[in-house]
file run.pdb (PDB, C-alpha atoms)
ATOM      1  CA  MET F 186     124.262 103.934 106.775
ATOM      2  CA  ASP F 187     124.723 105.567 103.384
ATOM      3  CA  THR F 188     123.930 102.274 101.648
ATOM      4  CA  ASN F 189     120.506 101.925 103.228
ATOM      5  CA  PRO F 190     118.091 101.602 100.264
ATOM      6  CA  PHE F 191     115.210 102.833 102.433
ATOM      7  CA  TRP F 192     117.100 106.097 103.104
ATOM      8  CA  THR F 193     117.872 106.500  99.405
ATOM      9  CA  TYR F 194     114.197 105.933  98.550
ATOM     10  CA  SER F 195     113.066 108.397 101.223
ATOM     11  CA  LEU F 196     115.324 111.181  99.979
ATOM     12  CA  SER F 197     113.944 110.744  96.493
ATOM     13  CA  ALA F 198     110.313 110.477  97.620
ATOM     14  CA  TYR F 199     110.533 113.442  99.996
ATOM     15  CA  GLY F 200     111.904 115.513  97.131
ATOM     16  CA  ILE F 201     108.485 115.312  95.442
ATOM     17  CA  ASP F 202     106.537 118.383  96.563
ATOM     18  CA  ARG F 203     103.151 116.663  96.892
ATOM     19  CA  VAL F 204     104.650 113.728  98.815
ATOM     20  CA  ARG F 205     106.293 116.118 101.259
ATOM     21  CA  GLU F 206     103.015 118.049 101.709
ATOM     22  CA  ILE F 207     100.984 114.906 102.417
ATOM     23  CA  VAL F 208     103.402 113.251 104.849
ATOM     24  CA  LEU F 209     103.884 116.524 106.747
ATOM     25  CA  HIS F 210     100.093 116.924 106.866
ATOM     26  CA  TRP F 211      99.809 113.433 108.409
ATOM     27  CA  GLN F 212     102.601 114.317 110.836
ATOM     28  CA  ASP F 213     101.352 117.734 111.907
ATOM     29  CA  ASP F 214      97.601 117.083 111.870
ATOM     30  CA  TYR F 215      97.338 113.398 112.796
ATOM     31  CA  GLY F 216     100.516 112.609 114.740
ATOM     32  CA  GLY F 217     101.931 110.422 111.985
ATOM     33  CA  ASP F 218     105.591 109.494 111.733
ATOM     34  CA  VAL F 219     107.011 110.534 108.351
ATOM     35  CA  ASN F 220     109.598 107.756 108.490
ATOM     36  CA  ILE F 221     106.928 105.121 109.066
ATOM     37  CA  LEU F 222     104.804 106.573 106.256
ATOM     38  CA  LEU F 223     107.757 106.489 103.880
ATOM     39  CA  CYS F 224     108.576 102.968 105.036
ATOM     40  CA  CYS F 225     105.020 101.855 104.214
ATOM     41  CA  CYS F 226     105.434 103.313 100.724
ATOM     42  CA  TRP F 227     108.954 101.943 100.213
ATOM     43  CA  LEU F 228     107.852  98.425 101.088
ATOM     44  CA  ALA F 229     104.797  98.804  98.835
ATOM     45  CA  SER F 230     107.129  99.759  95.978
ATOM     46  CA  LYS F 231     108.715  96.340  96.557
ATOM     47  CA  GLN F 232     105.238  94.743  96.685
ATOM     48  CA  GLN F 233     105.614  93.940 100.366
ATOM     49  CA  ARG F 234     102.856  94.235 102.921
ATOM     50  CA  LEU F 235     103.224  95.151 106.562
ATOM     51  CA  ASP F 236     100.806  93.564 108.977
ATOM     52  CA  GLU F 237      99.765  95.132 112.279
ATOM     53  CA  ASP F 238     102.319  93.143 114.296
ATOM     54  CA  GLN F 239     105.145  94.259 112.019
ATOM     55  CA  LEU F 240     104.005  97.876 112.207
ATOM     56  CA  SER F 241     103.885  97.612 115.986
ATOM     57  CA  LEU F 242     107.471  96.334 115.998
ATOM     58  CA  LEU F 243     108.573  99.159 113.698
ATOM     59  CA  LEU F 244     106.968 101.757 115.942
ATOM     60  CA  LYS F 245     108.689 100.269 118.987
ATOM     61  CA  ALA F 246     112.064  99.959 117.218
ATOM     62  CA  GLY F 247     112.590 103.685 116.963
ATOM     63  CA  ALA F 248     110.214 105.022 119.619
ATOM     64  CA  GLN F 249     112.795 106.041 122.191
ATOM     65  CA  TRP F 250     115.098 107.639 119.607
ATOM     66  CA  ARG F 251     112.175 109.504 118.081
ATOM     67  CA  ALA F 252     110.869 110.722 121.449
ATOM     68  CA  GLN F 253     114.192 111.652 123.042
ATOM     69  CA  CYS F 254     116.130 112.940 120.043
ATOM     70  CA  LEU F 255     114.204 113.477 116.841
ATOM     71  CA  LEU F 256     111.097 115.258 118.137
ATOM     72  CA  PRO F 257     113.034 117.617 120.454
ATOM     73  CA  LEU F 258     115.394 118.528 117.604
ATOM     74  CA  ARG F 259     112.422 119.251 115.362
ATOM     75  CA  SER F 260     110.823 121.403 118.043
ATOM     76  CA  VAL F 261     114.000 123.443 118.592
ATOM     77  CA  ARG F 262     114.534 123.846 114.838
ATOM     78  CA  ARG F 263     110.976 125.127 114.395
ATOM     79  CA  PHE F 264     111.398 127.497 117.333
ATOM     80  CA  VAL F 265     114.667 128.882 115.988
ATOM     81  CA  CYS F 266     113.177 129.317 112.512
ATOM     82  CA  GLU F 267     110.840 131.976 113.871
ATOM     83  CA  ARG F 268     113.654 134.033 115.437
ATOM     84  CA  PRO F 269     115.622 136.766 113.672
ATOM     85  CA  ASN F 270     119.309 136.358 112.830
ATOM     86  CA  THR F 271     119.369 132.588 113.405
ATOM     87  CA  ASP F 272     120.049 131.385 109.866
ATOM     88  CA  LEU F 273     123.289 129.556 110.706
ATOM     89  CA  LEU F 274     121.860 127.950 113.840
ATOM     90  CA  TYR F 275     118.720 126.975 111.951
ATOM     91  CA  GLN F 276     120.805 125.244 109.245
ATOM     92  CA  GLN F 277     122.879 123.407 111.862
ATOM     93  CA  LEU F 278     119.725 122.198 113.584
ATOM     94  CA  LYS F 279     118.224 121.174 110.254
ATOM     95  CA  ASP F 280     121.374 119.162 109.483
ATOM     96  CA  ALA F 281     121.285 117.549 112.923
ATOM     97  CA  GLU F 282     117.617 116.671 112.477
ATOM     98  CA  MET F 283     118.383 115.124 109.088
ATOM     99  CA  SER F 284     121.117 112.991 110.673
ATOM    100  CA  ALA F 285     118.684 111.926 113.389
ATOM    101  CA  GLU F 286     116.103 111.030 110.710
ATOM    102  CA  GLN F 287     118.712 108.925 108.923
ATOM    103  CA  TRP F 288     119.590 107.105 112.136
ATOM    104  CA  HIS F 289     115.889 106.489 112.836
ATOM    105  CA  GLN F 290     115.451 105.055 109.360
ATOM    106  CA  GLN F 291     118.443 102.777 109.916
ATOM    107  CA  CYS F 292     116.707 101.407 113.037
ATOM    108  CA  LEU F 293     113.575 100.769 110.978
ATOM    109  CA  PHE F 294     115.555  99.175 108.158
ATOM    110  CA  ASP F 295     117.350  96.862 110.585
ATOM    111  CA  CYS F 296     113.991  95.844 112.054
ATOM    112  CA  ILE F 297     112.493  95.201 108.607
ATOM    113  CA  GLU F 298     115.313  92.857 107.663
ATOM    114  CA  GLY F 299     113.987  90.391 110.234
ATOM    115  CA  PHE F 300     110.459  90.382 108.827
ATOM    116  CA  GLU F 301     108.875  87.719 106.709
ATOM    117  CA  HIS F 302     107.022  89.730 104.108
ATOM    118  CA  SER F 303     103.686  88.823 102.684
ATOM    119  CA  PRO F 304     103.872  89.382  98.959
ATOM    120  CA  ALA F 305     101.191  91.621  97.570
ATOM    121  CA  SER F 306      99.270  91.126  94.388
ATOM    122  CA  GLY F 307     100.228  94.620  93.318
ATOM    123  CA  ILE F 308     102.108  97.709  94.393
ATOM    124  CA  GLU F 309      99.036  99.921  94.835
ATOM    125  CA  GLY F 310      97.247  97.277  96.910
ATOM    126  CA  ALA F 311     100.288  96.898  99.156
ATOM    127  CA  GLY F 312     100.499 100.664  99.524
ATOM    128  CA  ILE F 313      96.868 101.035 100.552
ATOM    129  CA  ASP F 314      97.117  98.049 102.923
ATOM    130  CA  ASN F 315     100.317  99.361 104.547
ATOM    131  CA  LEU F 316      98.956 102.871 105.018
ATOM    132  CA  GLN F 317      95.578 101.631 106.236
ATOM    133  CA  ASN F 318      97.269  99.341 108.763
ATOM    134  CA  TYR F 319      99.426 102.251 109.954
ATOM    135  CA  CYS F 320      96.342 104.452 110.301
ATOM    136  CA  GLN F 321      95.115 102.092 113.025
ATOM    137  CA  PHE F 322      98.047 103.213 115.194
ATOM    138  CA  LEU F 323      97.169 106.909 114.928
ATOM    139  CA  SER F 324      95.134 108.115 117.860
ATOM    140  CA  GLY F 325      91.630 109.301 117.056
ATOM    141  CA  VAL F 326      92.049 108.935 113.301
ATOM    142  CA  GLU F 327      89.778 106.973 111.008
ATOM    143  CA  TRP F 328      90.842 105.556 107.661
ATOM    144  CA  SER F 329      88.096 107.615 106.033
ATOM    145  CA  ASP F 330      90.001 110.733 107.192
ATOM    146  CA  LEU F 331      93.141 109.642 105.349
ATOM    147  CA  SER F 332      92.139 107.379 102.473
ATOM    148  CA  GLU F 333      91.994 110.183  99.918
ATOM    149  CA  ASP F 334      95.425 111.460 100.981
ATOM    150  CA  ALA F 335      96.772 107.906 100.850
ATOM    151  CA  THR F 336      95.596 107.447  97.277
ATOM    152  CA  GLU F 337      97.077 110.795  96.315
ATOM    153  CA  LEU F 338     100.360 109.965  98.090
ATOM    154  CA  LEU F 339     100.695 106.665  96.242
ATOM    155  CA  GLY F 340      99.845 108.411  92.980
ATOM    156  CA  ALA F 341     102.512 111.068  93.559
ATOM    157  CA  LEU F 342     104.996 108.244  94.169
ATOM    158  CA  LYS F 343     103.733 106.508  91.015
ATOM    159  CA  LEU F 344     102.842 103.395  93.005
TER
END

call {"tool": "encode", "arguments": {"input": "run.pdb", "output": "structure tokens"}}
result
Amino acid sequence: MDTNPFWTYSLSAYGIDRVREIVLHWQDDYGGDVNILLCCCWLASKQQRLDEDQLSLLLKAGAQWRAQCLLPLRSVRRFVCERPNTDLLYQQLKDAEMSAEQWHQQCLFDCIEGFEHSPASGIEGAGIDNLQNYCQFLSGVEWSDLSEDATELLGALKL
């Protein structure tokens, strides 16, 4: 799994403060999946578009893992963070969550390898298209709610 270029990209992208703020905002306020958001951006950096069917397949590819493993780990980590004298446990949970994120991204990467990609005319256009298509899968969210964040996200990633 260490050779997954999507994972390598995600580590780099998530290390950018503004990127981390935006994707966590989409996660916490709109129910977005950070791994899917980063996947949309990674593919845009390669000038590849995701259509709605491909996004649907990506969401299904890791849904059970995300629901049964990743989200519960995140919830426990956040709970422990608020408790005194839990530094070691918190770090262990954070490490476990990171491993679960990596496994989730491997599932997404494996799914992507089977896709026929529609080449984009440009990186920014692919980024907007990918994020806008993903927005359609977020419950009760309109593109107008996220378009400014999307532009800022792509700018922070220099896409």

call {"tool": "atom_distance", "arguments": {"input": "run.pdb", "atom1": "atom CA of F:Cys224", "atom2": "atom CA of F:Leu278"}}
result
23.8 Å

call {"tool": "closest_residue", "arguments": {"input": "run.pdb", "among": "F:Gly312, F:Gly200, F:Leu242, F:Gly247", "to": "F:Phe300", "atoms": "all atoms listed in the file"}}
result
F:Leu242

call {"tool": "resolve_selection", "arguments": {"input": "run.pdb", "expression": "the PyMOL selection byres ((chain F and resi 261) around 12)", "output": "ChimeraX atom specification"}}
result
/F:254-260,262-268,271,274-279,281-282

call {"tool": "residues_around", "arguments": {"input": "run.pdb", "residues": "F:Pro190", "least_positions_apart": "6", "cutoff": "10 Å", "atoms": "only C-alpha atoms", "output": "ChimeraX atom specification"}}
result
/F:196,227,291,294

call {"tool": "write_last_selection", "arguments": {"input": "run.pdb", "atoms": "C-alpha atoms", "output": "mmCIF file, keeping the file's coordinate frame"}}
result
data_model
loop_
_atom_site.group_PDB
_atom_site.id
_atom_site.type_symbol
_atom_site.label_atom_id
_atom_site.label_comp_id
_atom_site.auth_asym_id
_atom_site.auth_seq_id
_atom_site.Cartn_x
_atom_site.Cartn_y
_atom_site.Cartn_z
ATOM 1 C CA LEU F 196 115.324 111.181 99.979
ATOM 2 C CA TRP F 227 108.954 101.943 100.213
ATOM 3 C CA GLN F 291 118.443 102.777 109.916
ATOM 4 C CA PHE F 294 115.555 99.175 108.158
#

call {"tool": "resolve_selection", "arguments": {"input": "run.pdb", "expression": "the PyMOL selection byres ((chain F and resi 237) around 9)", "output": "list in words"}}
result
Leu235, Asp236, Asp238, Gln239, Leu240, Ser241, Leu242, Asn315, Asn318, Tyr319, Gln321 and Phe322 of chain F

call {"tool": "resolve_selection", "arguments": {"input": "run.pdb", "expression": "the PyMOL selection byres ((chain F and resi 335) around 12)", "output": "JSON, numbers by chain"}}
result
{"F": [203, 204, 206, 207, 208, 210, 211, 222, 223, 225, 226, 309, 310, 311, 312, 313, 314, 315, 316, 317, 318, 319, 320, 328, 329, 330, 331, 332, 333, 334, 336, 337, 338, 339, 340, 341, 342, 344]}

call {"tool": "closest_residue", "arguments": {"input": "run.pdb", "among": "F:Leu293, F:Leu273, F:Ser230, F:Val219", "to": "F:Lys245", "atoms": "all atoms listed in the file"}}
result
F:Leu293

call {"tool": "axis_aligned_box", "arguments": {"input": "run.pdb", "around": "stretch 232-250 of chain F", "padding_each_side": "3 Å", "output": "JSON"}}
result
{"center_x": 107.4, "center_y": 100.4, "center_z": 109.4, "size_x": 21.3, "size_y": 20.5, "size_z": 31.5}

call {"tool": "closest_residue", "arguments": {"input": "run.pdb", "among": "F:Asp280, F:Asp202, F:Glu286, F:Asp272", "to": "F:Asp218", "atoms": "only C-alpha atoms"}}
result
F:Glu286

call {"tool": "closest_residue", "arguments": {"input": "run.pdb", "among": "F:Gln290, F:His302, F:Gly325, F:Cys296", "to": "F:Thr193", "atoms": "all atoms listed in the file"}}
result
F:Gln290

call {"tool": "atom_distance", "arguments": {"input": "run.pdb", "atom1": "atom CA of F:Tyr194", "atom2": "atom CA of F:Ala285"}}
result
16.6 Å

call {"tool": "closest_residue", "arguments": {"input": "run.pdb", "among": "F:Met283, F:Gln233, F:His289, F:Gly216", "to": "F:Trp250", "atoms": "all atoms listed in the file"}}
result
F:His289

call {"tool": "build_atoms", "arguments": {"input": "run.pdb", "residues": "stretch 276-308 of chain F", "atoms": "N, CA and C atoms", "output": "PDB file, keeping the file's coordinate frame"}}
result
ATOM      1  N   GLN F 276     120.236 126.226 110.186  1.00  0.00           N
ATOM      2  CA  GLN F 276     120.805 125.244 109.245  1.00  0.00           C
ATOM      3  C   GLN F 276     121.502 124.110 109.994  1.00  0.00           C
ATOM      4  N   GLN F 277     122.205 124.442 111.068  1.00  0.00           N
ATOM      5  CA  GLN F 277     122.879 123.407 111.862  1.00  0.00           C
ATOM      6  C   GLN F 277     121.856 122.471 112.501  1.00  0.00           C
ATOM      7  N   LEU F 278     120.779 123.026 112.994  1.00  0.00           N
ATOM      8  CA  LEU F 278     119.725 122.198 113.584  1.00  0.00           C
ATOM      9  C   LEU F 278     119.036 121.345 112.522  1.00  0.00           C
ATOM     10  N   LYS F 279     118.833 121.922 111.359  1.00  0.00           N
ATOM     11  CA  LYS F 279     118.224 121.174 110.254  1.00  0.00           C
ATOM     12  C   LYS F 279     119.118 119.993 109.859  1.00  0.00           C
ATOM     13  N   ASP F 280     120.427 120.238 109.800  1.00  0.00           N
ATOM     14  CA  ASP F 280     121.374 119.162 109.483  1.00  0.00           C
ATOM     15  C   ASP F 280     121.374 118.082 110.567  1.00  0.00           C
ATOM     16  N   ALA F 281     121.319 118.514 111.813  1.00  0.00           N
ATOM     17  CA  ALA F 281     121.285 117.549 112.923  1.00  0.00           C
ATOM     18  C   ALA F 281     119.995 116.729 112.885  1.00  0.00           C
ATOM     19  N   GLU F 282     118.886 117.391 112.581  1.00  0.00           N
ATOM     20  CA  GLU F 282     117.617 116.671 112.477  1.00  0.00           C
ATOM     21  C   GLU F 282     117.656 115.664 111.339  1.00  0.00           C
ATOM     22  N   MET F 283     118.270 116.042 110.229  1.00  0.00           N
ATOM     23  CA  MET F 283     118.383 115.124 109.088  1.00  0.00           C
ATOM     24  C   MET F 283     119.232 113.904 109.466  1.00  0.00           C
ATOM     25  N   SER F 284     120.295 114.115 110.206  1.00  0.00           N
ATOM     26  CA  SER F 284     121.117 112.991 110.673  1.00  0.00           C
ATOM     27  C   SER F 284     120.326 112.099 111.621  1.00  0.00           C
ATOM     28  N   ALA F 285     119.520 112.701 112.470  1.00  0.00           N
ATOM     29  CA  ALA F 285     118.684 111.926 113.389  1.00  0.00           C
ATOM     30  C   ALA F 285     117.623 111.133 112.621  1.00  0.00           C
ATOM     31  N   GLU F 286     117.067 111.737 111.567  1.00  0.00           N
ATOM     32  CA  GLU F 286     116.103 111.030 110.710  1.00  0.00           C
ATOM     33  C   GLU F 286     116.782 109.816 110.063  1.00  0.00           C
ATOM     34  N   GLN F 287     117.991 110.021 109.574  1.00  0.00           N
ATOM     35  CA  GLN F 287     118.712 108.925 108.923  1.00  0.00           C
ATOM     36  C   GLN F 287     118.970 107.786 109.915  1.00  0.00           C
ATOM     37  N   TRP F 288     119.342 108.126 111.131  1.00  0.00           N
ATOM     38  CA  TRP F 288     119.590 107.105 112.136  1.00  0.00           C
ATOM     39  C   TRP F 288     118.296 106.359 112.465  1.00  0.00           C
ATOM     40  N   HIS F 289     117.191 107.102 112.572  1.00  0.00           N
ATOM     41  CA  HIS F 289     115.889 106.489 112.836  1.00  0.00           C
ATOM     42  C   HIS F 289     115.535 105.518 111.716  1.00  0.00           C
ATOM     43  N   GLN F 290     115.761 105.942 110.485  1.00  0.00           N
ATOM     44  CA  GLN F 290     115.451 105.055 109.360  1.00  0.00           C
ATOM     45  C   GLN F 290     116.341 103.817 109.362  1.00  0.00           C
ATOM     46  N   GLN F 291     117.574 103.951 109.827  1.00  0.00           N
ATOM     47  CA  GLN F 291     118.443 102.777 109.916  1.00  0.00           C
ATOM     48  C   GLN F 291     117.874 101.785 110.926  1.00  0.00           C
ATOM     49  N   CYS F 292     117.355 102.285 112.041  1.00  0.00           N
ATOM     50  CA  CYS F 292     116.707 101.407 113.037  1.00  0.00           C
ATOM     51  C   CYS F 292     115.531 100.666 112.403  1.00  0.00           C
ATOM     52  N   LEU F 293     114.723 101.395 111.638  1.00  0.00           N
ATOM     53  CA  LEU F 293     113.575 100.769 110.978  1.00  0.00           C
ATOM     54  C   LEU F 293     114.029  99.737 109.955  1.00  0.00           C
ATOM     55  N   PHE F 294     115.032 100.082 109.175  1.00  0.00           N
ATOM     56  CA  PHE F 294     115.555  99.175 108.158  1.00  0.00           C
ATOM     57  C   PHE F 294     116.081  97.895 108.800  1.00  0.00           C
ATOM     58  N   ASP F 295     116.823  98.037 109.883  1.00  0.00           N
ATOM     59  CA  ASP F 295     117.350  96.862 110.585  1.00  0.00           C
ATOM     60  C   ASP F 295     116.215  95.976 111.090  1.00  0.00           C
ATOM     61  N   CYS F 296     115.152  96.585 111.569  1.00  0.00           N
ATOM     62  CA  CYS F 296     113.991  95.844 112.054  1.00  0.00           C
ATOM     63  C   CYS F 296     113.314  95.104 110.896  1.00  0.00           C
ATOM     64  N   ILE F 297     113.154  95.771 109.781  1.00  0.00           N
ATOM     65  CA  ILE F 297     112.493  95.201 108.607  1.00  0.00           C
ATOM     66  C   ILE F 297     113.220  93.965 108.096  1.00  0.00           C
ATOM     67  N   GLU F 298     114.538  93.991 108.190  1.00  0.00           N
ATOM     68  CA  GLU F 298     115.313  92.857 107.663  1.00  0.00           C
ATOM     69  C   GLU F 298     114.951  91.547 108.334  1.00  0.00           C
ATOM     70  N   GLY F 299     114.393  91.604 109.542  1.00  0.00           N
ATOM     71  CA  GLY F 299     113.987  90.391 110.234  1.00  0.00           C
ATOM     72  C   GLY F 299     112.564  89.941 109.926  1.00  0.00           C
ATOM     73  N   PHE F 300     111.847  90.700 109.121  1.00  0.00           N
ATOM     74  CA  PHE F 300     110.459  90.382 108.827  1.00  0.00           C
ATOM     75  C   PHE F 300     110.340  89.359 107.715  1.00  0.00           C
ATOM     76  N   GLU F 301     109.317  88.520 107.843  1.00  0.00           N
ATOM     77  CA  GLU F 301     108.875  87.719 106.709  1.00  0.00           C
ATOM     78  C   GLU F 301     107.788  88.541 106.048  1.00  0.00           C
ATOM     79  N   HIS F 302     107.979  88.864 104.791  1.00  0.00           N
ATOM     80  CA  HIS F 302     107.022  89.730 104.108  1.00  0.00           C
ATOM     81  C   HIS F 302     105.982  88.918 103.361  1.00  0.00           C
ATOM     82  N   SER F 303     104.772  89.412 103.450  1.00  0.00           N
ATOM     83  CA  SER F 303     103.686  88.823 102.684  1.00  0.00           C
ATOM     84  C   SER F 303     103.677  89.501 101.324  1.00  0.00           C
ATOM     85  N   PRO F 304     103.889  88.745 100.273  1.00  0.00           N
ATOM     86  CA  PRO F 304     103.872  89.382  98.959  1.00  0.00           C
ATOM     87  C   PRO F 304     102.476  89.896  98.633  1.00  0.00           C
ATOM     88  N   ALA F 305     102.462  91.006  97.956  1.00  0.00           N
ATOM     89  CA  ALA F 305     101.191  91.621  97.570  1.00  0.00           C
ATOM     90  C   ALA F 305     100.903  91.294  96.116  1.00  0.00           C
ATOM     91  N   SER F 306      99.648  91.388  95.775  1.00  0.00           N
ATOM     92  CA  SER F 306      99.270  91.126  94.388  1.00  0.00           C
ATOM     93  C   SER F 306      99.605  92.311  93.495  1.00  0.00           C
ATOM     94  N   GLY F 307      99.872  93.443  94.099  1.00  0.00           N
ATOM     95  CA  GLY F 307     100.228  94.620  93.318  1.00  0.00           C
ATOM     96  C   GLY F 307     100.778  95.700  94.219  1.00  0.00           C
ATOM     97  N   ILE F 308     101.485  96.637  93.631  1.00  0.00           N
ATOM     98  CA  ILE F 308     102.108  97.709  94.393  1.00  0.00           C
ATOM     99  C   ILE F 308     101.056  98.598  95.049  1.00  0.00           C
TER     100      ILE F 308
END
